[in-house]
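Dumped structure_33.cif below, it's mmCIF, C-alpha atoms and all ligand atoms:
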data_target
loop_
_atom_site.group_PDB
_atom_site.id
_atom_site.type_symbol
_atom_site.label_atom_id
_atom_site.label_comp_id
_atom_site.auth_asym_id
_atom_site.auth_seq_id
_atom_site.Cartn_x
_atom_site.Cartn_y
_atom_site.Cartn_z
ATOM 1 C CA MET Z 1 -15.434 42.490 -17.676
ATOM 2 C CA THR Z 2 -13.277 39.390 -17.400
ATOM 3 C CA THR Z 3 -10.512 39.404 -14.861
ATOM 4 C CA GLN Z 4 -7.428 39.727 -16.990
ATOM 5 C CA ASN Z 5 -5.055 41.786 -14.934
ATOM 6 C CA ARG Z 6 -3.658 39.239 -12.542
ATOM 7 C CA GLN Z 7 -0.336 40.888 -11.666
ATOM 8 C CA SER Z 8 -1.186 42.086 -8.181
ATOM 9 C CA PRO Z 9 -4.485 42.809 -6.498
ATOM 10 C CA LEU Z 10 -5.782 46.363 -6.256
ATOM 11 C CA LEU Z 11 -7.278 45.487 -2.865
ATOM 12 C CA GLU Z 12 -6.095 42.844 -0.411
ATOM 13 C CA VAL Z 13 -8.155 42.149 2.695
ATOM 14 C CA ARG Z 14 -6.727 39.794 5.300
ATOM 15 C CA ASN Z 15 -8.360 38.449 8.437
ATOM 16 C CA LEU Z 16 -10.396 41.605 8.799
ATOM 17 C CA SER Z 17 -12.596 41.791 11.889
ATOM 18 C CA ARG Z 18 -14.763 44.338 13.599
ATOM 19 C CA THR Z 19 -16.685 43.696 16.794
ATOM 20 C CA PHE Z 20 -19.197 45.887 18.565
ATOM 21 C CA GLY Z 21 -19.855 45.673 22.302
ATOM 22 C CA ALA Z 22 -18.141 43.265 24.690
ATOM 23 C CA GLY Z 23 -18.617 40.171 26.831
ATOM 24 C CA ASP Z 24 -21.944 38.396 26.386
ATOM 25 C CA HIS Z 25 -23.161 41.224 24.164
ATOM 26 C CA ILE Z 26 -20.333 41.132 21.649
ATOM 27 C CA VAL Z 27 -21.395 41.325 17.994
ATOM 28 C CA ARG Z 28 -18.897 40.012 15.447
ATOM 29 C CA ALA Z 29 -20.117 42.243 12.615
ATOM 30 C CA VAL Z 30 -17.157 41.346 10.381
ATOM 31 C CA ASP Z 31 -15.376 38.161 11.360
ATOM 32 C CA ASN Z 32 -11.982 37.189 9.927
ATOM 33 C CA VAL Z 33 -12.759 38.199 6.332
ATOM 34 C CA SER Z 34 -10.116 37.743 3.613
ATOM 35 C CA PHE Z 35 -10.383 38.398 -0.132
ATOM 36 C CA ASP Z 36 -8.607 40.049 -3.066
ATOM 37 C CA LEU Z 37 -9.957 42.324 -5.757
ATOM 38 C CA TYR Z 38 -8.201 43.026 -9.050
ATOM 39 C CA LYS Z 39 -8.284 46.075 -11.260
ATOM 40 C CA GLY Z 40 -11.401 46.178 -13.421
ATOM 41 C CA GLU Z 41 -13.238 43.507 -11.447
ATOM 42 C CA VAL Z 42 -16.822 43.809 -10.278
ATOM 43 C CA VAL Z 43 -17.215 41.894 -7.042
ATOM 44 C CA ALA Z 44 -20.613 41.536 -5.414
ATOM 45 C CA ILE Z 45 -20.953 40.989 -1.685
ATOM 46 C CA VAL Z 46 -24.267 39.339 -0.838
ATOM 47 C CA GLY Z 47 -25.852 38.387 2.429
ATOM 48 C CA GLU Z 48 -29.030 38.916 4.386
ATOM 49 C CA SER Z 49 -29.684 41.955 6.561
ATOM 50 C CA GLY Z 50 -27.231 42.079 9.462
ATOM 51 C CA SER Z 51 -24.616 39.843 7.816
ATOM 52 C CA GLY Z 52 -21.985 42.591 8.030
ATOM 53 C CA LYS Z 53 -21.919 43.963 4.476
ATOM 54 C CA SER Z 54 -22.204 47.647 5.383
ATOM 55 C CA THR Z 55 -19.737 47.317 8.244
ATOM 56 C CA LEU Z 56 -17.272 45.783 5.791
ATOM 57 C CA ALA Z 57 -17.869 48.671 3.359
ATOM 58 C CA ARG Z 58 -17.252 51.225 6.099
ATOM 59 C CA LEU Z 59 -14.058 49.453 7.176
ATOM 60 C CA LEU Z 60 -12.779 49.419 3.592
ATOM 61 C CA LEU Z 61 -13.575 53.123 3.236
ATOM 62 C CA ARG Z 62 -11.804 53.880 6.526
ATOM 63 C CA LEU Z 63 -14.995 55.343 7.945
ATOM 64 C CA LEU Z 64 -14.852 52.892 10.845
ATOM 65 C CA ASP Z 65 -11.894 51.523 12.827
ATOM 66 C CA THR Z 66 -11.016 47.860 12.490
ATOM 67 C CA THR Z 67 -10.679 45.525 15.458
ATOM 68 C CA SER Z 68 -7.983 43.479 13.712
ATOM 69 C CA GLY Z 69 -6.722 42.489 10.289
ATOM 70 C CA GLU Z 70 -5.161 44.121 7.253
ATOM 71 C CA ILE Z 71 -6.333 46.191 4.294
ATOM 72 C CA ARG Z 72 -3.924 46.926 1.445
ATOM 73 C CA VAL Z 73 -4.713 49.027 -1.592
ATOM 74 C CA GLN Z 74 -2.161 49.213 -4.389
ATOM 75 C CA GLY Z 75 0.144 47.347 -2.004
ATOM 76 C CA LYS Z 76 -0.045 50.042 0.681
ATOM 77 C CA ASP Z 77 -1.135 49.439 4.249
ATOM 78 C CA VAL Z 78 -4.343 51.434 4.428
ATOM 79 C CA LEU Z 79 -4.708 51.007 8.197
ATOM 80 C CA SER Z 80 -1.528 53.026 8.739
ATOM 81 C CA TYR Z 81 -3.341 56.123 7.441
ATOM 82 C CA HIS Z 82 -4.411 58.212 10.391
ATOM 83 C CA ASN Z 83 -3.989 61.858 9.487
ATOM 84 C CA HIS Z 84 -6.426 63.675 7.266
ATOM 85 C CA GLY Z 85 -3.914 64.202 4.470
ATOM 86 C CA ASP Z 86 -3.324 60.465 4.029
ATOM 87 C CA LEU Z 87 -7.030 59.688 4.227
ATOM 88 C CA LYS Z 88 -7.889 62.330 1.646
ATOM 89 C CA LYS Z 89 -5.379 60.787 -0.748
ATOM 90 C CA TYR Z 90 -6.886 57.376 -0.022
ATOM 91 C CA TRP Z 91 -10.390 58.649 -0.806
ATOM 92 C CA GLN Z 92 -9.165 59.751 -4.204
ATOM 93 C CA VAL Z 93 -8.499 56.059 -4.913
ATOM 94 C CA VAL Z 94 -11.414 54.424 -3.079
ATOM 95 C CA GLN Z 95 -14.848 56.042 -3.065
ATOM 96 C CA GLY Z 96 -18.252 55.034 -1.766
ATOM 97 C CA ALA Z 97 -21.860 55.482 -2.822
ATOM 98 C CA PHE Z 98 -24.602 54.479 -0.406
ATOM 99 C CA GLN Z 99 -28.230 53.459 -0.451
ATOM 100 C CA ASP Z 100 -29.869 56.500 1.058
ATOM 101 C CA SER Z 101 -28.785 59.247 -1.287
ATOM 102 C CA PHE Z 102 -31.235 61.806 0.124
ATOM 103 C CA ALA Z 103 -29.732 61.526 3.639
ATOM 104 C CA ALA Z 104 -26.223 61.813 2.186
ATOM 105 C CA PHE Z 105 -26.817 65.306 0.827
ATOM 106 C CA ASN Z 106 -26.883 68.567 2.735
ATOM 107 C CA GLN Z 107 -30.374 69.856 2.014
ATOM 108 C CA PHE Z 108 -29.175 73.464 2.176
ATOM 109 C CA TYR Z 109 -26.559 73.065 -0.551
ATOM 110 C CA SER Z 110 -27.240 73.188 -4.263
ATOM 111 C CA ILE Z 111 -25.965 70.191 -6.213
ATOM 112 C CA ARG Z 112 -23.182 72.391 -7.622
ATOM 113 C CA ARG Z 113 -22.025 73.367 -4.142
ATOM 114 C CA THR Z 114 -22.243 69.783 -2.851
ATOM 115 C CA LEU Z 115 -20.155 68.390 -5.670
ATOM 116 C CA ALA Z 116 -17.612 71.231 -5.686
ATOM 117 C CA LYS Z 117 -17.184 71.113 -1.922
ATOM 118 C CA SER Z 118 -16.578 67.381 -1.699
ATOM 119 C CA LEU Z 119 -14.099 67.493 -4.579
ATOM 120 C CA ASN Z 120 -12.276 70.534 -3.145
ATOM 121 C CA VAL Z 121 -11.966 68.859 0.246
ATOM 122 C CA LEU Z 122 -10.280 65.822 -1.267
ATOM 123 C CA ASP Z 123 -8.102 67.555 -3.844
ATOM 124 C CA ARG Z 124 -7.039 71.104 -3.133
ATOM 125 C CA THR Z 125 -4.655 71.212 -6.078
ATOM 126 C CA LEU Z 126 -7.463 71.615 -8.622
ATOM 127 C CA THR Z 127 -8.288 75.022 -10.111
ATOM 128 C CA ASN Z 128 -11.895 76.226 -10.158
ATOM 129 C CA LYS Z 129 -12.010 75.485 -13.871
ATOM 130 C CA GLU Z 130 -10.782 71.928 -13.317
ATOM 131 C CA VAL Z 131 -13.338 71.420 -10.548
ATOM 132 C CA GLN Z 132 -16.103 72.640 -12.838
ATOM 133 C CA GLU Z 133 -14.922 70.371 -15.655
ATOM 134 C CA ARG Z 134 -14.692 67.310 -13.429
ATOM 135 C CA ILE Z 135 -18.170 67.926 -12.037
ATOM 136 C CA GLU Z 136 -19.733 68.412 -15.456
ATOM 137 C CA ASN Z 137 -17.984 65.378 -16.917
ATOM 138 C CA SER Z 138 -19.039 63.208 -13.990
ATOM 139 C CA LEU Z 139 -22.669 64.261 -14.342
ATOM 140 C CA LEU Z 140 -22.576 63.534 -18.069
ATOM 141 C CA GLU Z 141 -21.056 60.121 -17.271
ATOM 142 C CA VAL Z 142 -24.093 59.219 -15.178
ATOM 143 C CA GLY Z 143 -26.477 60.515 -17.814
ATOM 144 C CA LEU Z 144 -27.446 63.817 -16.193
ATOM 145 C CA GLU Z 145 -27.424 67.202 -17.903
ATOM 146 C CA PRO Z 146 -25.146 69.526 -15.844
ATOM 147 C CA SER Z 147 -26.908 72.767 -16.797
ATOM 148 C CA ASP Z 148 -30.166 71.299 -15.533
ATOM 149 C CA ILE Z 149 -28.939 69.536 -12.376
ATOM 150 C CA LEU Z 150 -26.251 71.825 -10.954
ATOM 151 C CA LYS Z 151 -28.561 74.644 -9.955
ATOM 152 C CA LYS Z 152 -31.019 72.360 -8.188
ATOM 153 C CA TRP Z 153 -31.356 71.414 -4.521
ATOM 154 C CA PRO Z 154 -31.591 67.773 -3.354
ATOM 155 C CA HIS Z 155 -35.354 67.938 -2.673
ATOM 156 C CA GLN Z 156 -35.932 68.938 -6.304
ATOM 157 C CA LEU Z 157 -34.442 65.676 -7.614
ATOM 158 C CA SER Z 158 -35.980 62.216 -7.893
ATOM 159 C CA GLY Z 159 -34.510 59.247 -6.027
ATOM 160 C CA GLY Z 160 -32.945 57.969 -9.230
ATOM 161 C CA GLN Z 161 -31.399 61.347 -10.043
ATOM 162 C CA LEU Z 162 -30.009 61.665 -6.515
ATOM 163 C CA GLN Z 163 -28.543 58.197 -6.684
ATOM 164 C CA ARG Z 164 -26.822 59.119 -9.942
ATOM 165 C CA VAL Z 165 -25.557 62.405 -8.460
ATOM 166 C CA MET Z 166 -24.108 60.381 -5.577
ATOM 167 C CA ILE Z 167 -22.286 58.150 -8.050
ATOM 168 C CA ALA Z 168 -21.175 61.257 -9.989
ATOM 169 C CA ARG Z 169 -19.788 62.699 -6.758
ATOM 170 C CA ALA Z 170 -17.668 59.585 -6.305
ATOM 171 C CA LEU Z 171 -16.516 59.803 -9.934
ATOM 172 C CA THR Z 172 -15.261 63.402 -9.663
ATOM 173 C CA VAL Z 173 -12.075 62.153 -7.988
ATOM 174 C CA GLU Z 174 -11.614 59.495 -10.705
ATOM 175 C CA PRO Z 175 -11.364 56.596 -8.231
ATOM 176 C CA GLU Z 176 -9.852 53.189 -8.940
ATOM 177 C CA LEU Z 177 -12.436 51.470 -6.755
ATOM 178 C CA LEU Z 178 -16.072 52.330 -6.154
ATOM 179 C CA ILE Z 179 -17.831 50.721 -3.210
ATOM 180 C CA ALA Z 180 -21.544 50.843 -3.927
ATOM 181 C CA ASP Z 181 -23.567 49.804 -0.870
ATOM 182 C CA GLU Z 182 -27.112 48.812 -1.889
ATOM 183 C CA PRO Z 183 -27.178 51.650 -4.444
ATOM 184 C CA THR Z 184 -30.535 50.560 -5.862
ATOM 185 C CA SER Z 185 -32.492 49.684 -2.753
ATOM 186 C CA MET Z 186 -34.418 52.975 -2.604
ATOM 187 C CA LEU Z 187 -35.294 52.892 -6.316
ATOM 188 C CA ASP Z 188 -38.187 51.443 -8.227
ATOM 189 C CA ALA Z 189 -37.665 48.577 -10.651
ATOM 190 C CA SER Z 190 -36.931 50.473 -13.865
ATOM 191 C CA LEU Z 191 -34.468 52.823 -12.167
ATOM 192 C CA ARG Z 192 -32.702 49.884 -10.570
ATOM 193 C CA VAL Z 193 -31.813 48.501 -13.966
ATOM 194 C CA THR Z 194 -30.636 51.962 -15.052
ATOM 195 C CA VAL Z 195 -28.249 52.231 -12.089
ATOM 196 C CA LEU Z 196 -26.951 48.671 -12.562
ATOM 197 C CA ASN Z 197 -26.295 49.347 -16.242
ATOM 198 C CA LEU Z 198 -24.629 52.625 -15.344
ATOM 199 C CA LEU Z 199 -22.214 50.829 -13.008
ATOM 200 C CA LEU Z 200 -21.398 48.294 -15.714
ATOM 201 C CA ALA Z 201 -20.809 51.080 -18.245
ATOM 202 C CA LEU Z 202 -18.460 52.872 -15.835
ATOM 203 C CA GLN Z 203 -16.522 49.697 -15.259
ATOM 204 C CA LYS Z 204 -16.096 49.236 -19.017
ATOM 205 C CA ARG Z 205 -15.230 52.869 -19.800
ATOM 206 C CA HIS Z 206 -12.657 53.335 -17.049
ATOM 207 C CA ASN Z 207 -11.733 49.768 -16.165
ATOM 208 C CA MET Z 208 -12.890 50.789 -12.705
ATOM 209 C CA SER Z 209 -13.165 48.171 -9.979
ATOM 210 C CA ILE Z 210 -16.490 47.968 -8.199
ATOM 211 C CA ILE Z 211 -17.603 46.354 -4.961
ATOM 212 C CA PHE Z 212 -21.356 46.012 -5.253
ATOM 213 C CA ILE Z 213 -23.098 45.289 -1.976
ATOM 214 C CA THR Z 214 -26.581 43.841 -2.068
ATOM 215 C CA HIS Z 215 -28.945 41.413 -0.395
ATOM 216 C CA ASP Z 216 -30.297 40.573 -3.848
ATOM 217 C CA LEU Z 217 -28.628 37.623 -5.564
ATOM 218 C CA GLY Z 218 -30.291 38.520 -8.858
ATOM 219 C CA GLN Z 219 -28.661 41.941 -8.983
ATOM 220 C CA ALA Z 220 -25.355 40.417 -7.886
ATOM 221 C CA ASN Z 221 -25.631 37.907 -10.721
ATOM 222 C CA TYR Z 222 -26.372 40.684 -13.207
ATOM 223 C CA VAL Z 223 -23.383 42.880 -12.387
ATOM 224 C CA SER Z 224 -20.582 40.816 -10.918
ATOM 225 C CA ASP Z 225 -17.611 38.777 -12.107
ATOM 226 C CA ARG Z 226 -17.080 37.362 -8.664
ATOM 227 C CA LEU Z 227 -19.387 36.737 -5.748
ATOM 228 C CA LEU Z 228 -18.621 36.885 -2.031
ATOM 229 C CA VAL Z 229 -21.263 35.511 0.315
ATOM 230 C CA MET Z 230 -21.426 36.830 3.883
ATOM 231 C CA TYR Z 231 -23.237 35.148 6.729
ATOM 232 C CA LYS Z 232 -23.124 36.388 10.329
ATOM 233 C CA GLY Z 233 -20.007 38.433 9.661
ATOM 234 C CA GLU Z 234 -18.084 35.643 7.959
ATOM 235 C CA LEU Z 235 -17.270 35.235 4.305
ATOM 236 C CA VAL Z 236 -18.658 31.751 3.862
ATOM 237 C CA GLU Z 237 -18.115 31.393 0.119
ATOM 238 C CA GLN Z 238 -16.408 33.213 -2.734
ATOM 239 C CA GLY Z 239 -15.700 32.514 -6.385
ATOM 240 C CA PRO Z 240 -16.630 33.400 -9.974
ATOM 241 C CA THR Z 241 -20.311 34.398 -9.899
ATOM 242 C CA ALA Z 242 -21.569 31.731 -12.302
ATOM 243 C CA GLU Z 243 -19.612 29.037 -10.475
ATOM 244 C CA VAL Z 244 -20.945 29.977 -7.053
ATOM 245 C CA LEU Z 245 -24.510 30.202 -8.311
ATOM 246 C CA ASN Z 246 -24.407 27.003 -10.356
ATOM 247 C CA ASN Z 247 -22.583 24.992 -7.755
ATOM 248 C CA PRO Z 248 -22.956 26.580 -4.325
ATOM 249 C CA GLN Z 249 -20.745 24.923 -1.722
ATOM 250 C CA HIS Z 250 -22.091 26.462 1.448
ATOM 251 C CA GLU Z 251 -25.434 25.611 2.956
ATOM 252 C CA TYR Z 252 -26.258 29.303 3.431
ATOM 253 C CA THR Z 253 -25.639 30.088 -0.266
ATOM 254 C CA ARG Z 254 -27.972 27.224 -1.182
ATOM 255 C CA ARG Z 255 -30.618 28.691 1.066
ATOM 256 C CA LEU Z 256 -30.206 32.132 -0.489
ATOM 257 C CA LEU Z 257 -30.530 30.576 -3.937
ATOM 258 C CA ALA Z 258 -33.633 28.656 -2.993
ATOM 259 C CA ASP Z 259 -35.294 31.992 -2.292
ATOM 260 C CA VAL Z 260 -34.749 33.216 -5.844
ATOM 261 C CA PRO Z 261 -36.011 30.578 -8.270
ATOM 262 C CA ARG Z 262 -36.024 33.044 -11.184
ATOM 263 C CA LEU Z 263 -32.284 33.489 -10.914
ATOM 264 C CA HIS Z 264 -31.640 30.680 -13.339
ATOM 265 C CA ARG Z 265 -32.944 32.733 -16.222
ATOM 266 C CA ALA Z 266 -29.713 33.873 -17.804
ATOM 267 C CA HIS Z 267 -28.631 37.463 -17.128
ATOM 268 C CA GLU Z 268 -31.943 38.540 -15.758
ATOM 269 C CA PRO Z 269 -31.583 40.914 -12.845
ATOM 270 C CA VAL Z 270 -33.985 39.254 -10.430
ATOM 271 C CA GLY Z 271 -35.731 41.673 -8.141
ATOM 272 C CA VAL Z 272 -35.025 44.656 -10.355
HETATM 273 N N1 LIG K 301 -22.445 50.934 15.338
HETATM 274 C C1 LIG K 301 -22.855 49.716 15.685
HETATM 275 N N2 LIG K 301 -23.011 49.372 16.980
HETATM 276 C C2 LIG K 301 -23.400 48.145 17.336
HETATM 277 N N3 LIG K 301 -23.691 47.161 16.471
HETATM 278 C C3 LIG K 301 -23.566 47.436 15.161
HETATM 279 C C4 LIG K 301 -23.151 48.722 14.683
HETATM 280 N N4 LIG K 301 -23.109 48.692 13.311
HETATM 281 C C5 LIG K 301 -23.497 47.458 12.968
HETATM 282 N N5 LIG K 301 -23.765 46.702 14.053
HETATM 283 C C6 LIG K 301 -24.200 45.288 14.054
HETATM 284 O O1 LIG K 301 -23.322 44.567 13.214
HETATM 285 C C7 LIG K 301 -24.024 43.574 12.482
HETATM 286 C C8 LIG K 301 -23.788 43.793 10.990
HETATM 287 O O2 LIG K 301 -24.479 44.987 10.583
HETATM 288 P P1 LIG K 301 -24.360 45.554 9.097
HETATM 289 O O3 LIG K 301 -25.128 46.828 9.051
HETATM 290 O O4 LIG K 301 -22.939 45.594 8.696
HETATM 291 O O5 LIG K 301 -25.105 44.428 8.242
HETATM 292 P P2 LIG K 301 -25.643 44.483 6.756
HETATM 293 O O6 LIG K 301 -25.392 43.141 6.179
HETATM 294 O O7 LIG K 301 -25.076 45.665 6.064
HETATM 295 O O8 LIG K 301 -27.196 44.695 6.977
HETATM 296 P P3 LIG K 301 -28.227 45.542 6.055
HETATM 297 O O9 LIG K 301 -28.335 44.792 4.763
HETATM 298 O O10 LIG K 301 -29.490 45.503 6.869
HETATM 299 O O11 LIG K 301 -27.667 46.921 5.904
HETATM 300 C C9 LIG K 301 -25.489 43.699 12.896
HETATM 301 O O12 LIG K 301 -25.722 42.754 13.912
HETATM 302 C C10 LIG K 301 -25.576 45.096 13.426
HETATM 303 O O13 LIG K 301 -26.601 45.209 14.385
#
When written as structure tokens, how does the structure in this file appear?
Amino acid sequence: MTTQNRQSPLLEVRNLSRTFGAGDHIVRAVDNVSFDLYKGEVVAIVGESGSGKSTLARLLLRLLDTTSGEIRVQGKDVLSYHNHGDLKKYWQVVQGAFQDSFAAFNQFYSIRRTLAKSLNVLDRTLTNKEVQERIENSLLEVGLEPSDILKKWPHQLSGGQLQRVMIARALTVEPELLIADEPTSMLDASLRVTVLNLLLALQKRHNMSIIFITHDLGQANYVSDRLLVMYKGELVEQGPTAEVLNNPQHEYTRRLLADVPRLHRAHEPVGV
């Protein structure tokens, strides 16, 4: 999980901003954020509620327009993608998985239909057999038995199973980067550890890059190589996770750390 591949970043974010509203009511949800992410890295973005983490995730996934700044993936200017064809290709490289997996699924679709449909939309070149294979392999990757899961409907699955199906859905396109936005927040403690370990296993198996968004420093410590701290839309601190946690430079990071005294127990996922 060390950052070895230093040739060129997979993701380059420069001076990225997104505001909502105007005048006295302007909200700088993401304010002049810059960072790089390399292939195979797990980067955690931490910050309290409202610090701009989800807005940043949506900007990176091109689900929301930017106000200003640059996003490059594999050296390409992502913000120049406007038509559906370009965006679909982009979503084969960068995928997202979100906190509320139940809301993300169409309740009237079986899991098979959900997974096949989202893969077909993004990659029309695949045969039915290839679609089936990708779906089954992705479910196996997240520890679910395809024959059992595929015929079910979302309401028949537990929160943990749904969360894993959501990650499997992202995996069907074999992405280079997975953006996981609070993927454990709806889960109970034992399932949280399962999902965190699953993400780490995926990173190892595929050398996949992961952006892990959380308000929980303990989980960030458990999964990440590098830590980015957001406060009121700004990236106030970033660096190797152990370095940031052992020697926080920003007052806000110190405050966050003060709230989690158990963090200093090595490799323990606090709050999970
Ligand atoms: N569509 C929107 N319209 C107006 N304001 C918004 C919108 N989306 C987000 N915001 C505001 O932007 C700021 C950042 O919100 P965001 O959801 O990105 O934070 P967050 O760190 O992800 O919070 P949480 O951990 O609670 O999800 C907040 O002040 C929020 O109210």
task: Using only C-alpha atoms, find all polymer residues with an atom at most 12 Å away from the point (-35.5, 68.5, -4.2); report them as JSON, numbers by chain.
output: {"Z": [101, 102, 103, 105, 106, 107, 108, 109, 110, 111, 149, 150, 151, 152, 153, 154, 155, 156, 157, 158, 159, 160, 161, 162]}
message: I want to know what sits within 7 Å of region 87-95 of chain Z, based on all atoms listed in the file, with residues of the same chain fewer than 6 positions away left out; could you give that as a ChimeraX atom specification?
response: /Z:61,81,122,170,173-179
Using all atoms listed in the file, what does the table of chain Z residues within 7 Å of ligand LIG 301 (chain K) look like, with each row giving the shortest atom pair and its distance in Å to one decimal, sorted by chain and ascending number, as a Markdown table?
| residue | atom | partner | partner_atom | distance |
| --- | --- | --- | --- | --- |
| Z:Phe20 | CA | K:LIG301 | C2 | 4.9 |
| Z:Gly21 | CA | K:LIG301 | C2 | 6.6 |
| Z:Val27 | CA | K:LIG301 | O1 | 6.1 |
| Z:Arg28 | CA | K:LIG301 | O1 | 6.7 |
| Z:Ala29 | CA | K:LIG301 | O1 | 4.0 |
| Z:Gly47 | CA | K:LIG301 | O6 | 6.1 |
| Z:Glu48 | CA | K:LIG301 | O6 | 5.9 |
| Z:Ser49 | CA | K:LIG301 | O10 | 3.6 |
| Z:Gly50 | CA | K:LIG301 | O5 | 3.4 |
| Z:Ser51 | CA | K:LIG301 | O6 | 3.8 |
| Z:Gly52 | CA | K:LIG301 | O4 | 3.2 |
| Z:Lys53 | CA | K:LIG301 | O7 | 3.9 |
| Z:Ser54 | CA | K:LIG301 | O7 | 3.6 |
| Z:Thr55 | CA | K:LIG301 | O4 | 3.7 |
| Z:Leu56 | CA | K:LIG301 | O4 | 6.4 |
| Z:His215 | CA | K:LIG301 | O9 | 6.2 |
| Z:Gly233 | CA | K:LIG301 | C8 | 6.7 |
query: Just how far from CA of Ile71 (chain Z) is CA of Leu115 (chain Z), in Å to one decimal?
result: 28.0 Å
query: To one decimal place, how far is CA of Gln7 (chain Z) from CA of Ile210 (chain Z) in Å?
result: 18.0 Å
query: Which residues match the PyMOL selection byres (((chain Z and resi 98) around 6) and not hetatm) in the file above, as a list in words?
result: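 This file gives the following for the PyMOL selection byres (((chain Z and resi 98) around 6) and not hetatm): Ala97, Gln99, Asp100, Ala180, Asp181 and Pro183 of chain Z.
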query: Taking the file as shown, what set of residues would the PyMOL selection byres (((chain Z and resi 250) around 12) and not hetatm) give back, as a count of residues only?
result: 22
task: Could you please determine the separation between CA of Lys232 (chain Z) and CA of Leu16 (chain Z) in Å, to one decimal place?
output: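 Separation of CA of Lys232 (chain Z) and CA of Leu16 (chain Z): 13.8 Å.
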field: For Val195 (chain Z), the nearest of the candidates Z:Ala242, Z:Val142, Z:Leu217, Z:Leu60, counting only C-alpha atoms
entry: Z:Val142
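Note on the selection: in this file the PyMOL selection byres (((chain Z and resi 204) around 12) and not hetatm) comes out as Met1, Thr2, Lys39, Gly40, Glu41, Val42, Asn197, Leu198, Leu199, Leu200, Ala201, Leu202, Gln203, Arg205, His206, Asn207, Met208, Ser209, Ile210 and Val223 of chain Z.
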- prompt: Which residue out of Z:Leu79, Z:Val165, Z:Val43, Z:Ala189 has the minimum interatomic distance to Leu144 (chain Z) when only C-alpha atoms are used?
  reply: Z:Val165
query: For Asp216 (chain Z), which residue out of Z:Leu63, Z:Val46, Z:Ala258, Z:Ala57 is the nearest one, using only C-alpha atoms?
result: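 With only C-alpha atoms as the atom set, the closest residue is Z:Val46.
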